[in-house]
Structures are given as structure tokens and as C-alpha cells.
>>> print(open('entry29.cif').read())   # mmCIF, C-alpha atoms
data_target
loop_
_atom_site.label_atom_id
_atom_site.label_comp_id
_atom_site.auth_asym_id
_atom_site.auth_seq_id
_atom_site.Cartn_x
_atom_site.Cartn_y
_atom_site.Cartn_z
CA MET N 163 1.17 -13.58 -10.46
CA TYR N 164 2.91 -11.27 -8.02
CA ARG N 165 5.66 -12.51 -5.76
CA ARG N 166 5.17 -11.52 -2.13
CA LEU N 167 8.11 -9.49 -0.85
CA HIS N 168 9.24 -9.76 2.73
CA ILE N 169 10.62 -6.64 4.34
CA GLN N 170 13.78 -8.51 5.25
CA SER N 171 14.49 -8.99 1.53
CA PHE N 172 14.73 -5.25 0.87
CA PRO N 173 18.23 -3.89 0.18
CA VAL N 174 20.07 -2.60 3.22
CA GLU N 175 20.04 0.91 1.72
CA ILE N 176 16.22 0.88 1.90
CA HIS N 177 16.31 -0.04 5.57
CA GLN N 178 18.82 2.71 6.30
CA ALA N 179 16.72 5.29 4.43
CA VAL N 180 13.60 4.33 6.42
CA PHE N 181 15.46 4.19 9.72
CA SER N 182 16.79 7.74 9.17
CA TYR N 183 13.28 9.02 10.05
CA LEU N 184 13.14 7.21 13.41
CA ASP N 185 14.06 8.55 16.83
CA ARG N 186 16.63 6.94 19.10
CA GLU N 187 14.14 4.85 21.10
CA SER N 188 12.57 3.43 17.94
CA LEU N 189 15.98 2.58 16.51
CA LEU N 190 16.93 0.71 19.68
CA SER N 191 13.71 -1.31 19.37
CA CYS N 192 14.41 -2.09 15.71
CA ALA N 193 17.86 -3.33 16.65
CA LEU N 194 16.18 -6.19 18.58
CA VAL N 195 14.30 -7.54 15.52
CA SER N 196 17.02 -9.21 13.43
CA ARG N 197 20.70 -9.15 12.53
CA LEU N 198 19.95 -7.19 9.39
CA TRP N 199 18.03 -4.58 11.31
CA VAL N 200 20.61 -4.29 14.05
CA ALA N 201 23.23 -3.38 11.43
CA SER N 202 20.95 -0.75 9.86
CA ALA N 203 19.97 0.63 13.27
CA GLN N 204 23.61 0.89 14.34
CA TYR N 205 24.48 2.65 11.09
CA THR N 206 21.78 5.27 11.74
CA LEU N 207 22.58 5.64 15.44
CA PHE N 208 26.32 6.10 14.96
CA ARG N 209 26.42 7.92 11.61
CA SER N 210 26.08 11.24 13.44
CA ALA N 211 27.13 10.63 17.04
CA ALA N 212 26.16 13.35 19.53
CA VAL N 213 27.44 13.70 23.09
CA TYR N 214 26.15 16.11 25.75
CA SER N 215 28.47 15.54 28.73
CA PRO N 216 32.00 14.35 29.58
CA GLY N 217 30.50 11.06 30.78
CA ALA N 218 28.77 10.55 27.43
CA ILE N 219 32.06 11.11 25.61
CA GLN N 220 33.78 8.44 27.71
CA LYS N 221 30.86 6.05 27.19
CA PHE N 222 30.98 6.64 23.43
CA ALA N 223 34.72 5.94 23.31
CA ARG N 224 34.29 2.71 25.29
CA ALA N 225 31.59 1.56 22.87
CA LEU N 226 33.95 2.03 19.93
CA GLN N 227 36.77 0.26 21.75
CA GLN N 228 34.61 -2.75 22.66
CA SER N 229 32.82 -2.93 19.29
CA PRO N 230 35.35 -2.01 16.57
CA HIS N 231 32.81 -2.64 13.77
CA LEU N 232 30.92 0.50 14.88
CA ARG N 233 33.86 2.76 14.06
CA ARG N 234 33.21 2.67 10.31
CA PHE N 235 29.69 4.07 10.79
CA VAL N 236 30.72 7.37 12.40
CA LYS N 237 30.82 10.13 9.78
CA GLU N 238 30.00 13.09 12.04
CA PHE N 239 30.82 13.81 15.67
CA VAL N 240 28.68 16.34 17.57
CA ILE N 241 29.82 17.89 20.86
CA CYS N 242 26.98 19.89 22.40
CA GLY N 243 27.57 22.09 25.42
CA ARG N 244 23.92 22.01 26.51
CA ALA N 245 22.31 18.85 27.75
CA PRO N 246 18.62 18.46 26.85
CA GLY N 247 16.52 20.66 29.13
CA ILE N 248 19.54 22.56 30.46
CA VAL N 249 20.10 26.24 29.57
CA GLN N 250 23.65 26.78 30.81
CA SER N 251 26.54 25.36 28.83
CA TRP N 252 28.95 23.01 30.54
CA ILE N 253 31.64 23.90 27.97
CA ARG N 254 32.76 27.33 29.08
CA GLY N 255 35.74 29.41 30.14
CA ALA N 256 39.04 27.59 30.66
CA PHE N 257 37.53 24.15 30.08
CA ASP N 258 40.03 21.51 28.93
CA LEU N 259 38.70 21.05 25.41
CA ALA N 260 41.23 18.38 24.48
CA MET N 261 39.43 15.88 26.72
CA LEU N 262 36.36 16.18 24.49
CA LEU N 263 38.00 14.41 21.57
CA PRO N 264 38.25 10.62 21.29
CA ASP N 265 41.31 8.88 19.92
CA PRO N 266 41.39 9.55 16.13
CA ALA N 267 42.01 5.82 15.61
CA LEU N 268 38.44 5.21 16.84
CA LEU N 269 37.01 7.45 14.11
CA PRO N 270 38.74 6.40 10.87
CA ARG N 271 35.89 7.61 8.61
CA LEU N 272 35.05 10.84 10.39
CA ARG N 273 34.39 13.65 7.92
CA SER N 274 32.48 16.25 9.95
CA PHE N 275 32.66 18.00 13.31
CA ARG N 276 29.71 19.86 14.81
CA PHE N 277 30.31 22.02 17.89
CA GLU N 278 27.24 23.55 19.55
CA HIS N 279 26.68 25.94 22.47
CA TRP N 280 30.21 26.58 23.66
CA ASP N 281 30.25 29.58 26.01
CA ARG N 282 33.25 31.99 25.97
CA VAL N 283 35.79 29.21 25.68
CA HIS N 284 39.54 29.76 25.92
CA MET N 285 41.13 27.72 23.14
CA GLN N 286 44.28 25.96 24.31
CA PRO N 287 47.06 24.81 21.93
CA THR N 288 46.53 21.23 23.11
CA PHE N 289 43.00 21.28 21.68
CA THR N 290 44.12 22.69 18.32
CA ASP N 291 46.85 20.05 18.14
CA ALA N 292 44.29 17.35 18.89
CA LEU N 293 41.99 18.62 16.12
CA ARG N 294 44.80 18.47 13.57
CA LYS N 295 45.00 14.71 14.03
CA PHE N 296 41.61 14.40 12.29
CA ALA N 297 43.17 15.14 8.93
CA ASN N 298 40.30 13.79 6.83
CA VAL N 299 37.63 16.14 8.21
CA THR N 300 36.09 18.22 5.42
CA ALA N 301 33.10 19.83 7.18
CA LEU N 302 32.90 22.04 10.28
CA HIS N 303 29.62 23.28 11.74
CA LEU N 304 29.65 25.81 14.59
CA ARG N 305 26.32 26.67 16.21
CA GLY N 306 25.75 28.95 19.19
CA CYS N 307 29.47 29.08 20.01
CA HIS N 308 30.94 32.10 21.80
CA PHE N 309 34.73 32.27 21.50
CA TYR N 310 36.96 34.31 23.75
CA SER N 311 38.71 35.67 20.65
CA SER N 312 38.31 35.52 16.89
CA LYS N 313 41.80 34.01 16.86
CA HIS N 314 40.31 30.90 18.46
CA LEU N 315 37.80 30.68 15.64
CA GLU N 316 40.74 30.75 13.24
CA ASP N 317 42.44 27.99 15.23
CA VAL N 318 39.46 25.69 14.78
CA VAL N 319 38.94 26.45 11.09
CA PHE N 320 42.57 26.08 10.03
CA ALA N 321 43.03 22.87 12.01
CA PHE N 322 41.49 21.02 9.03
CA PRO N 323 43.51 21.45 5.82
CA GLN N 324 40.88 19.67 3.69
CA LEU N 325 37.97 21.78 4.92
CA ASP N 326 35.46 22.57 2.16
CA THR N 327 32.25 23.09 4.18
CA LEU N 328 31.81 25.66 6.96
CA THR N 329 28.75 26.68 8.98
CA LEU N 330 28.77 29.71 11.28
CA GLU N 331 25.41 29.92 13.04
CA SER N 332 25.04 32.45 15.86
CA VAL N 333 28.81 32.42 16.36
CA ARG N 334 30.23 35.20 18.55
CA TRP N 335 33.59 36.35 19.83
CA ALA N 336 34.81 39.17 22.05
CA GLY N 337 34.43 42.52 20.30
CA ASP N 338 32.42 41.22 17.35
CA HIS N 339 29.69 43.82 17.83
CA MET N 340 32.34 46.52 17.29
CA GLY N 341 33.68 44.93 14.12
CA VAL N 342 36.78 43.50 15.80
CA PHE N 343 38.30 40.43 14.13
CA GLU N 344 41.83 39.66 15.29
CA ARG N 345 43.97 37.34 13.17
CA ARG N 346 46.99 35.16 13.79
CA PRO N 347 50.04 35.93 11.61
CA GLU N 348 50.81 32.23 11.11
CA TYR N 349 47.56 31.79 9.14
CA GLU N 350 48.02 34.85 6.97
CA LEU N 351 49.12 32.98 3.83
CA LEU N 352 46.93 29.92 4.25
CA PRO N 353 44.15 29.55 1.66
CA LEU N 354 40.59 28.69 2.64
CA ARG N 355 39.12 26.53 -0.12
CA LEU N 356 35.46 26.39 0.85
CA ARG N 357 32.83 25.07 -1.53
CA ARG N 358 29.89 25.33 0.88
CA LEU N 359 29.41 28.18 3.32
CA GLN N 360 26.50 28.98 5.64
CA VAL N 361 26.39 32.11 7.80
CA CYS N 362 23.32 32.39 9.99
CA ASN N 363 22.20 35.08 12.43
CA PRO N 364 25.51 36.97 12.51
CA SER N 365 26.29 39.75 14.97
CA GLU N 366 28.64 41.57 12.58
CA CYS N 367 29.46 39.83 9.30
CA GLY N 368 31.57 42.53 7.62
CA PRO N 369 34.84 41.43 9.29
CA VAL N 370 34.00 37.78 8.58
CA PHE N 371 33.64 38.42 4.86
CA ALA N 372 36.85 40.48 4.89
CA TRP N 373 38.58 37.54 6.58
CA LEU N 374 37.24 35.14 3.94
CA ARG N 375 38.44 37.40 1.13
CA ALA N 376 41.89 37.68 2.73
CA HIS N 377 42.25 33.91 2.53
CA GLY N 378 41.08 33.70 -1.08
CA CYS N 379 37.71 32.21 -0.20
CA LEU N 380 36.03 33.34 -3.42
CA ASN N 381 35.24 29.97 -4.98
CA VAL N 382 32.20 29.14 -2.84
CA ARG N 383 29.66 27.27 -4.96
CA HIS N 384 26.83 26.94 -2.45
CA LEU N 385 26.14 29.87 -0.14
CA GLU N 386 23.49 30.31 2.55
CA LEU N 387 23.04 33.67 4.30
CA ILE N 388 20.17 33.30 6.76
CA ARG N 389 18.49 35.60 9.28
CA PHE N 390 20.56 38.65 8.41
CA ASP N 391 19.60 42.08 9.70
CA ILE N 392 19.67 45.24 7.62
CA LEU N 393 23.12 46.27 8.92
CA ASN N 394 24.63 43.07 7.55
CA ALA N 395 22.71 43.04 4.27
CA GLU N 396 25.14 45.28 2.36
CA PRO N 397 28.35 43.36 3.29
CA ALA N 398 26.52 40.14 2.37
CA ALA N 399 25.47 41.51 -1.02
CA ALA N 400 29.05 42.66 -1.69
CA TYR N 401 30.43 39.21 -0.91
CA VAL N 402 27.87 37.60 -3.22
CA ARG N 403 29.01 39.89 -6.03
CA ASP N 404 32.65 39.05 -5.34
CA LEU N 405 31.94 35.33 -5.78
CA GLY N 406 31.00 36.03 -9.39
CA PRO N 407 30.66 33.00 -11.68
CA ALA N 408 31.80 30.55 -8.99
CA LEU N 409 28.43 30.70 -7.21
CA GLU N 410 25.92 28.03 -8.24
CA SER N 411 23.28 28.22 -5.48
CA LEU N 412 22.28 30.97 -3.08
CA THR N 413 19.90 31.02 -0.12
CA PHE N 414 19.31 34.46 1.37
CA GLY N 415 17.10 35.81 4.13
CA VAL N 416 17.20 39.32 5.56
CA HIS N 417 15.02 41.27 7.99
CA LEU N 418 14.07 44.59 6.40
CA PRO N 419 12.49 47.26 8.62
CA LEU N 420 10.03 49.63 6.98
CA SER N 421 12.29 52.60 7.73
CA CYS N 422 15.44 51.25 6.08
CA ASP N 423 17.04 52.99 3.11
CA HIS N 424 15.82 51.45 -0.13
CA THR N 425 19.35 51.33 -1.55
CA ALA N 426 20.49 49.22 1.43
CA ARG N 427 18.06 46.52 0.37
CA ARG N 428 19.53 46.08 -3.07
CA MET N 429 21.19 42.83 -4.08
CA TYR N 430 22.50 42.49 -7.61
CA LEU N 431 23.06 38.97 -8.97
CA GLY N 432 24.08 39.82 -12.53
CA ALA N 433 27.73 38.93 -11.84
CA ASN N 434 26.85 35.39 -10.74
CA LYS N 435 26.61 33.99 -14.27
CA ALA N 436 26.53 30.32 -13.18
CA LEU N 437 23.79 30.72 -10.57
CA ARG N 438 21.19 27.99 -11.06
CA SER N 439 19.43 27.86 -7.70
CA LEU N 440 18.08 30.88 -5.81
CA SER N 441 16.09 30.58 -2.58
CA LEU N 442 14.76 33.62 -0.75
CA GLN N 443 13.40 33.57 2.78
CA ILE N 444 10.49 36.01 3.09
CA TYR N 445 10.12 37.00 6.72
CA ASP N 446 7.32 39.46 5.96
CA VAL N 447 4.70 39.01 3.20
CA SER N 448 3.75 42.69 3.14
CA PRO N 449 4.16 44.57 -0.18
CA TYR N 450 7.39 46.39 0.68
CA PHE N 451 9.22 43.11 1.37
CA VAL N 452 7.72 41.37 -1.67
CA ARG N 453 8.91 44.26 -3.85
CA TRP N 454 12.43 43.65 -2.53
CA VAL N 455 12.12 39.95 -3.47
CA GLU N 456 10.95 40.92 -6.94
CA SER N 457 13.88 43.33 -7.33
CA VAL N 458 16.35 40.55 -6.48
CA LEU N 459 14.74 38.28 -9.06
CA CYS N 460 14.83 41.04 -11.67
CA SER N 461 18.61 41.28 -11.22
CA ALA N 462 18.82 37.60 -12.19
CA VAL N 463 16.65 37.54 -15.32
CA GLU N 464 19.65 36.74 -17.54
CA LEU N 465 20.88 33.89 -15.35
CA PRO N 466 20.15 30.20 -16.07
CA LEU N 467 17.97 29.66 -13.00
CA ALA N 468 16.59 26.12 -12.77
CA HIS N 469 15.30 26.35 -9.21
CA ILE N 470 13.67 29.26 -7.37
CA GLY N 471 12.57 28.80 -3.79
CA LEU N 472 10.37 31.07 -1.68
CA SER N 473 10.05 30.37 2.05
CA LEU N 474 7.32 32.29 3.89
CA THR N 475 4.28 32.29 6.17
CA LEU N 476 1.12 33.49 4.43
CA ASP N 477 -1.16 35.39 6.80
CA ALA N 478 -4.26 35.73 4.61
CA GLY N 479 -5.43 34.78 1.14
CA LYS N 480 -6.06 38.39 0.14
CA THR N 481 -2.35 39.13 0.63
CA LEU N 482 -1.67 37.55 -2.76
CA GLU N 483 -4.03 40.06 -4.40
CA SER N 484 -1.72 43.03 -3.82
CA ALA N 485 0.10 44.76 -6.68
CA ALA N 486 3.47 43.67 -5.29
CA TRP N 487 2.48 40.00 -5.47
CA GLY N 488 1.12 40.62 -8.97
CA ALA N 489 4.49 42.02 -10.08
CA LEU N 490 6.25 39.03 -8.53
CA ARG N 491 3.97 36.65 -10.42
CA HIS N 492 4.67 38.51 -13.66
CA THR N 493 8.43 38.20 -13.19
CA LEU N 494 8.26 34.50 -12.35
CA THR N 495 6.03 33.65 -15.31
CA THR N 496 7.84 35.83 -17.87
CA TYR N 497 11.48 34.89 -17.39
CA TRP N 498 13.50 31.64 -17.24
CA ARG N 499 11.05 29.81 -19.52
CA GLY N 500 13.85 27.77 -21.00
CA THR N 501 15.61 26.88 -17.75
CA LEU N 502 13.20 26.95 -14.80
CA ARG N 503 12.34 23.46 -13.60
CA GLU N 504 10.86 24.26 -10.20
CA LEU N 505 9.33 27.11 -8.28
CA ALA N 506 9.28 25.67 -4.75
CA ILE N 507 7.13 27.54 -2.23
CA THR N 508 7.42 26.50 1.40
CA HIS N 509 4.70 27.78 3.71
CA HIS N 510 5.50 27.58 7.43
CA ALA N 511 2.13 26.99 9.09
CA VAL N 512 2.76 28.63 12.45
CA PRO N 513 -0.11 28.76 14.96
CA GLY N 514 -2.67 31.43 14.15
CA PHE N 515 -1.88 31.57 10.44
CA LEU N 516 -3.22 29.78 7.38
CA LYS N 517 -2.66 26.06 6.95
CA HIS N 518 -4.42 25.09 3.69
CA VAL N 519 -2.58 27.31 1.23
CA ARG N 520 -1.94 25.03 -1.74
CA PRO N 521 -5.11 26.09 -3.62
CA LEU N 522 -4.27 29.76 -3.04
CA PHE N 523 -0.79 29.51 -4.55
CA MET N 524 -1.95 27.26 -7.39
CA ARG N 525 -4.57 29.82 -8.33
CA HIS N 526 -2.20 32.77 -8.00
CA PHE N 527 0.58 31.06 -10.01
CA ALA N 528 -1.83 29.28 -12.38
CA GLU N 529 0.47 29.45 -15.40
CA LEU N 530 3.42 27.98 -13.52
CA HIS N 531 1.15 25.29 -12.12
CA ALA N 532 -0.02 24.45 -15.65
CA ARG N 533 3.60 24.21 -16.80
CA GLY N 534 4.28 21.70 -14.03
CA VAL N 535 7.02 23.71 -12.32
CA LEU N 536 5.10 24.82 -9.20
CA SER N 537 5.44 22.87 -5.97
CA VAL N 538 3.93 23.91 -2.63
CA VAL N 539 5.07 22.40 0.66
CA VAL N 540 3.31 23.10 3.95
CA ASP N 541 5.65 22.86 6.93
CA THR N 542 3.68 22.07 10.09
CA SER N 543 6.69 21.41 12.33
CA GLN N 544 6.13 24.71 14.18
CA ASP N 545 2.45 24.04 14.78
CA ALA N 546 1.57 23.74 18.47
#
>>> encode(input="entry29.cif", output="C-alpha cells")
Amino acid sequence: MYRRLHIQSFPVEIHQAVFSYLDRESLLSCALVSRLWVASAQYTLFRSAAVYSPGAIQKFARALQQSPHLRRFVKEFVICGRAPGIVQSWIRGAFDLAMLLPDPALLPRLRSFRFEHWDRVHMQPTFTDALRKFANVTALHLRGCHFYSSKHLEDVVFAFPQLDTLTLESVRWAGDHMGVFERRPEYELLPLRLRRLQVCNPSECGPVFAWLRAHGCLNVRHLELIRFDILNAEPAAAYVRDLGPALESLTFGVHLPLSCDHTARRMYLGANKALRSLSLQIYDVSPYFVRWVESVLCSAVELPLAHIGLSLTLDAGKTLESAAWGALRHTLTTYWRGTLRELAITHHAVPGFLKHVRPLFMRHFAELHARGVLSVVVDTSQDA
């Protein structure tokens, strides 16, 4: 005889996991159901707190002052310079950035800052001093931020001595397109001990990688290099080689024009002896791009890869019948027999392209499917 379980009897961790998929309005409704649900809803609402205006920052601080029990929930604080539906950033120029930060006493468990859409900001010493008070922060994510100088980027990064995770997504500074990266002498001897690094859509990444090397940032274990152009591909490949055996997982995506020099496409992974996870973003499924993917995999045949990921948008079933796709299949089925646990293919079903692709990939990679290592995920989030 089975005992009927009531949803209220589920562990609080189950509630929090389910609530993580809900939007703000749904969470507010759940908070009205019971005391148990209000705690789980508050945990989800405040775990990553985002503010989009000076008024929202003040309102958030008042909520923490009036309800001290909420302070322990906040693990990440997001300051976004663009309100929903607004194009222009309200964080720009000589804005007083120090007023954006609440009292550190209100955020005792804060571990991550996320700054988004800051437009040509002038970093003042008062803001850097205020950041240093959040001594336990270990993760910094910068997205769509345009700094007046690369020195200001340094100010933000080195404000957190325990930083081990850094994201630079579409980050700009004055002179970056000309390879300019000015540094402050006071940071010259400071080490940068990152374990996770993501660089996405860079304007000029060569100076950034030189800056990372100068601060001994060669122990990165998890690296993501996304939406790189051909001009930044070679500096990225050189940095990957420099990481050597420290690197455990790599995600890489580069736009390769048909006219580019074949040698500029090359990425050699033989030096990364501990690499176990390799994910490649395929922006073009034509043969010339697939041959580049296959060449990257061939450089890793002696590595203990347990996970290989391919992210793409398949335009037609006959695409998989090309010789380039046949060579890719041969490489994936021949090597890593003793270590490979998953070949994860993610198909982004954008409007106008194929949607039902699982049978196509299962037929093309029949041997891997039979071995139980093939997984195919169809992402429909971009579908209109």
C-alpha cells in the first residue's frame, strides 16, 4: 500500500529547485500559499537580487533593513544599467557609482557581483574603496560594460582579493580596438588566481590575455571563449596552450570567414593533458567549418576526454551526408573509447530551420548512440 505524499512534506530543497524555474510573478503568488513556500520563494527571489534603477537599490536596501532574515539569502547582486524596455544606460559618464552599493553588513553572504550595461563610466576611488569592503566576493561578471579606461577594469577586478571567477562579455574600454590596455603600477605584482574565466564577444583580446599572463593567471581550470572573430582566434589559441595541464574544460566558438588563412584557424590542444571536457560552438555547418572542428578534435586524440559538446543549428538533413561530417563522425567514433561518457549535441531550432533533428543525429552517429554516449538536445528558446 502506497502512502500518499503531500507536496508540503517534500524537503525544502525540492521546493527551491522547482521554484528556480518560476518567474517573479509566480514566485510572489507562491509566497501566499504557506509559511514553507514563502521561505522557498524568498530564497529564490533574493538569491540573485537584480536592481535596474537608483530607486530600486534604495528599496532593496530598505527590505533588507526591515527584514534581516532575507540577508542570508542574497548570494549575488546584479546592478543593470538598462531598465527593461529601455535602450540607453542610466549608469554612464561621471555617475557616482558608490551610491549603487548597499551597506556590506546587509549582504553577509554575498559571493558574486554582476554589472551589466555600464556606459563609458569614470571609476572614482570612492567606488573602488566601497567594493573592497565586500571581501568575501569570489565571482565577478561584467556584461556590456564600457569603461573609460582599462585601468578602471583593473580597479574592479583587483578590488576582490579572493576572486576566482571572472566573466568579460562584450566589455570595452577606450582604445581597445587599437590594442591599448593601460595598467596601474600598484597592481603590477598582484597575482590573479582565477579558476573560471569566460571571455565573450571581445573587441581585441590580445592585450587582455597579455594582462592575464602578466598577473600569473595560468591556472584557469574552466575556460569559455565565445563568439570570437578570426582576428582574436590566434591569441585565444595561444592562451589555451599556455594554460597547459591546468585546463580541465574548454568551450570555444569562433567565426571563421571562408577567406581566412587556414593556419589562423588552427588550435592545438595537445599541451592540455588534463582536459576532460571540450565544447565547440559551430556557427556554420558548412564543410569548411566542420573540417576545422574535426582538426581541433584530432589535436586532442591523446587526451582523456569524457565530455564532448557540439552546439549548432542544422539547416538540412543532407548536410550530415557531406565528407566533412563523415570525417567528424569517424574521429568521434574511433577515439576516446575508454574515456568518453557523453557526446552532447545541442541544436538551436531558430525560425526557418529544422526542429526535429534527433533521428537525423542518431542515424548519423549510430555507433555512439548504440554505445549510449550520444545525447541530443533541441533548444527552442529562440523560436518565434
>>> residues_around(input="entry29.cif", residues="segment 498-504 of chain N", least_positions_apart="6", cutoff="10 Å", atoms="all atoms listed in the file", output="PyMOL selection string")
chain N and resi 438-439+462-471+530-531+533-537
>>> write_last_selection(input="entry29.cif", atoms="C-alpha atoms", output="tab-separated table (two decimals), in the coordinates of the input")
chain	number	residue	atom	x	y	z
N	438	ARG	CA	21.19	27.99	-11.06
N	439	SER	CA	19.43	27.86	-7.70
N	462	ALA	CA	18.82	37.60	-12.19
N	463	VAL	CA	16.65	37.54	-15.32
N	464	GLU	CA	19.65	36.74	-17.54
N	465	LEU	CA	20.88	33.89	-15.35
N	466	PRO	CA	20.15	30.20	-16.07
N	467	LEU	CA	17.97	29.66	-13.00
N	468	ALA	CA	16.59	26.12	-12.77
N	469	HIS	CA	15.30	26.35	-9.21
N	470	ILE	CA	13.67	29.26	-7.37
N	471	GLY	CA	12.57	28.80	-3.79
N	530	LEU	CA	3.42	27.98	-13.52
N	531	HIS	CA	1.15	25.29	-12.12
N	533	ARG	CA	3.60	24.21	-16.80
N	534	GLY	CA	4.28	21.70	-14.03
N	535	VAL	CA	7.02	23.71	-12.32
N	536	LEU	CA	5.10	24.82	-9.20
N	537	SER	CA	5.44	22.87	-5.97
>>> resolve_selection(input="entry29.cif", expression="the PyMOL selection byres ((chain N and resi 391-401) around 9)", output="PyMOL selection string")
chain N and resi 363-368+371-372+375+380+387+389-390+402-405+415-419+422+426-431
>>> resolve_selection(input="entry29.cif", expression="the PyMOL selection byres ((chain N and resi 201-211) around 10)", output="ChimeraX atom specification")
/N:174-186,188-194,196-200,212-213,219,222,226,231-241,271-272,274-276
>>> residues_near_point(input="entry29.cif", point="(29.2, 21.3, 8.3)", cutoff="12 Å", atoms="all atoms listed in the file", output="CSV table (one decimal) with C-alpha atoms, in the frame of the given file")
chain,number,residue,atom,x,y,z
N,210,SER,CA,26.1,11.2,13.4
N,237,LYS,CA,30.8,10.1,9.8
N,238,GLU,CA,30.0,13.1,12.0
N,239,PHE,CA,30.8,13.8,15.7
N,240,VAL,CA,28.7,16.3,17.6
N,273,ARG,CA,34.4,13.6,7.9
N,274,SER,CA,32.5,16.2,10.0
N,275,PHE,CA,32.7,18.0,13.3
N,276,ARG,CA,29.7,19.9,14.8
N,277,PHE,CA,30.3,22.0,17.9
N,278,GLU,CA,27.2,23.6,19.6
N,299,VAL,CA,37.6,16.1,8.2
N,300,THR,CA,36.1,18.2,5.4
N,301,ALA,CA,33.1,19.8,7.2
N,302,LEU,CA,32.9,22.0,10.3
N,303,HIS,CA,29.6,23.3,11.7
N,304,LEU,CA,29.6,25.8,14.6
N,305,ARG,CA,26.3,26.7,16.2
N,319,VAL,CA,38.9,26.4,11.1
N,325,LEU,CA,38.0,21.8,4.9
N,326,ASP,CA,35.5,22.6,2.2
N,327,THR,CA,32.2,23.1,4.2
N,328,LEU,CA,31.8,25.7,7.0
N,329,THR,CA,28.8,26.7,9.0
N,330,LEU,CA,28.8,29.7,11.3
N,331,GLU,CA,25.4,29.9,13.0
N,356,LEU,CA,35.5,26.4,0.8
N,357,ARG,CA,32.8,25.1,-1.5
N,358,ARG,CA,29.9,25.3,0.9
N,359,LEU,CA,29.4,28.2,3.3
N,360,GLN,CA,26.5,29.0,5.6
N,361,VAL,CA,26.4,32.1,7.8
>>> atom_distance(input="entry29.cif", atom1="atom CA of Ala297 of chain N", atom2="atom CA of Ile253 of chain N")
23.9 Å
>>> atom_distance(input="entry29.cif", atom1="atom CA of Val519 of chain N", atom2="atom CA of Ser484 of chain N")
16.5 Å
>>> closest_residue(input="entry29.cif", among="N:Pro513, N:Gly306, N:Pro347, N:Pro521", to="Asp477 of chain N", atoms="all atoms listed in the file")
N:Pro513
>>> atom_distance(input="entry29.cif", atom1="atom CA of Ile444 of chain N", atom2="atom CA of Phe414 of chain N")
9.1 Å
>>> residues_near_point(input="entry29.cif", point="(7.4, 33.1, 8.0)", cutoff="9 Å", atoms="all atoms listed in the file", output="list in words")
Gln443, Ile444, Tyr445, Asp446, Val447, Ser473, Leu474, Thr475, Leu476, Asp477, His509, His510, Ala511 and Val512 of chain N
>>> write_last_selection(input="entry29.cif", atoms="C-alpha atoms", output="PDB file, keeping the file's coordinate frame")
ATOM      1  CA  GLN N 443      13.400  33.570   2.780  1.00  0.00           C
ATOM      2  CA  ILE N 444      10.490  36.010   3.090  1.00  0.00           C
ATOM      3  CA  TYR N 445      10.120  37.000   6.720  1.00  0.00           C
ATOM      4  CA  ASP N 446       7.320  39.460   5.960  1.00  0.00           C
ATOM      5  CA  VAL N 447       4.700  39.010   3.200  1.00  0.00           C
ATOM      6  CA  SER N 473      10.050  30.370   2.050  1.00  0.00           C
ATOM      7  CA  LEU N 474       7.320  32.290   3.890  1.00  0.00           C
ATOM      8  CA  THR N 475       4.280  32.290   6.170  1.00  0.00           C
ATOM      9  CA  LEU N 476       1.120  33.490   4.430  1.00  0.00           C
ATOM     10  CA  ASP N 477      -1.160  35.390   6.800  1.00  0.00           C
ATOM     11  CA  HIS N 509       4.700  27.780   3.710  1.00  0.00           C
ATOM     12  CA  HIS N 510       5.500  27.580   7.430  1.00  0.00           C
ATOM     13  CA  ALA N 511       2.130  26.990   9.090  1.00  0.00           C
ATOM     14  CA  VAL N 512       2.760  28.630  12.450  1.00  0.00           C
TER      15      VAL N 512
END
>>> closest_residue(input="entry29.cif", among="N:Val539, N:Ala436, N:Leu374, N:Cys307", to="Gly243 of chain N", atoms="all atoms listed in the file")
N:Cys307
>>> closest_residue(input="entry29.cif", among="N:Arg453, N:Lys517, N:Arg355, N:Arg224", to="Gly488 of chain N", atoms="only C-alpha atoms")
N:Arg453
>>> resolve_selection(input="entry29.cif", expression="the PyMOL selection byres ((chain N and resi 309) around 6)", output="ChimeraX atom specification")
/N:282-283,308,310-311,335
>>> closest_residue(input="entry29.cif", among="N:Val333, N:His339, N:Thr495, N:Cys362", to="Glu529 of chain N", atoms="only C-alpha atoms")
N:Thr495
>>> axis_aligned_box(input="entry29.cif", around="segment 512-531 of chain N", padding_each_side="3 Å", output="JSON")
{"center_x": -0.8, "center_y": 28.9, "center_z": -0.2, "size_x": 14.5, "size_y": 13.7, "size_z": 36.4}
>>> residues_around(input="entry29.cif", residues="Trp487 of chain N", least_positions_apart="2", cutoff="12 Å", atoms="only C-alpha atoms", output="ChimeraX atom specification")
/N:447-456,476,479-485,489-494,523,526-527
>>> write_last_selection(input="entry29.cif", atoms="C-alpha atoms", output="short mmCIF file (atom, residue, chain, number, x, y, z; two decimals), in the frame of the given file")
data_model
loop_
_atom_site.label_atom_id
_atom_site.label_comp_id
_atom_site.auth_asym_id
_atom_site.auth_seq_id
_atom_site.Cartn_x
_atom_site.Cartn_y
_atom_site.Cartn_z
CA VAL N 447 4.70 39.01 3.20
CA SER N 448 3.75 42.69 3.14
CA PRO N 449 4.16 44.57 -0.18
CA TYR N 450 7.39 46.39 0.68
CA PHE N 451 9.22 43.11 1.37
CA VAL N 452 7.72 41.37 -1.67
CA ARG N 453 8.91 44.26 -3.85
CA TRP N 454 12.43 43.65 -2.53
CA VAL N 455 12.12 39.95 -3.47
CA GLU N 456 10.95 40.92 -6.94
CA LEU N 476 1.12 33.49 4.43
CA GLY N 479 -5.43 34.78 1.14
CA LYS N 480 -6.06 38.39 0.14
CA THR N 481 -2.35 39.13 0.63
CA LEU N 482 -1.67 37.55 -2.76
CA GLU N 483 -4.03 40.06 -4.40
CA SER N 484 -1.72 43.03 -3.82
CA ALA N 485 0.10 44.76 -6.68
CA ALA N 489 4.49 42.02 -10.08
CA LEU N 490 6.25 39.03 -8.53
CA ARG N 491 3.97 36.65 -10.42
CA HIS N 492 4.67 38.51 -13.66
CA THR N 493 8.43 38.20 -13.19
CA LEU N 494 8.26 34.50 -12.35
CA PHE N 523 -0.79 29.51 -4.55
CA HIS N 526 -2.20 32.77 -8.00
CA PHE N 527 0.58 31.06 -10.01
#
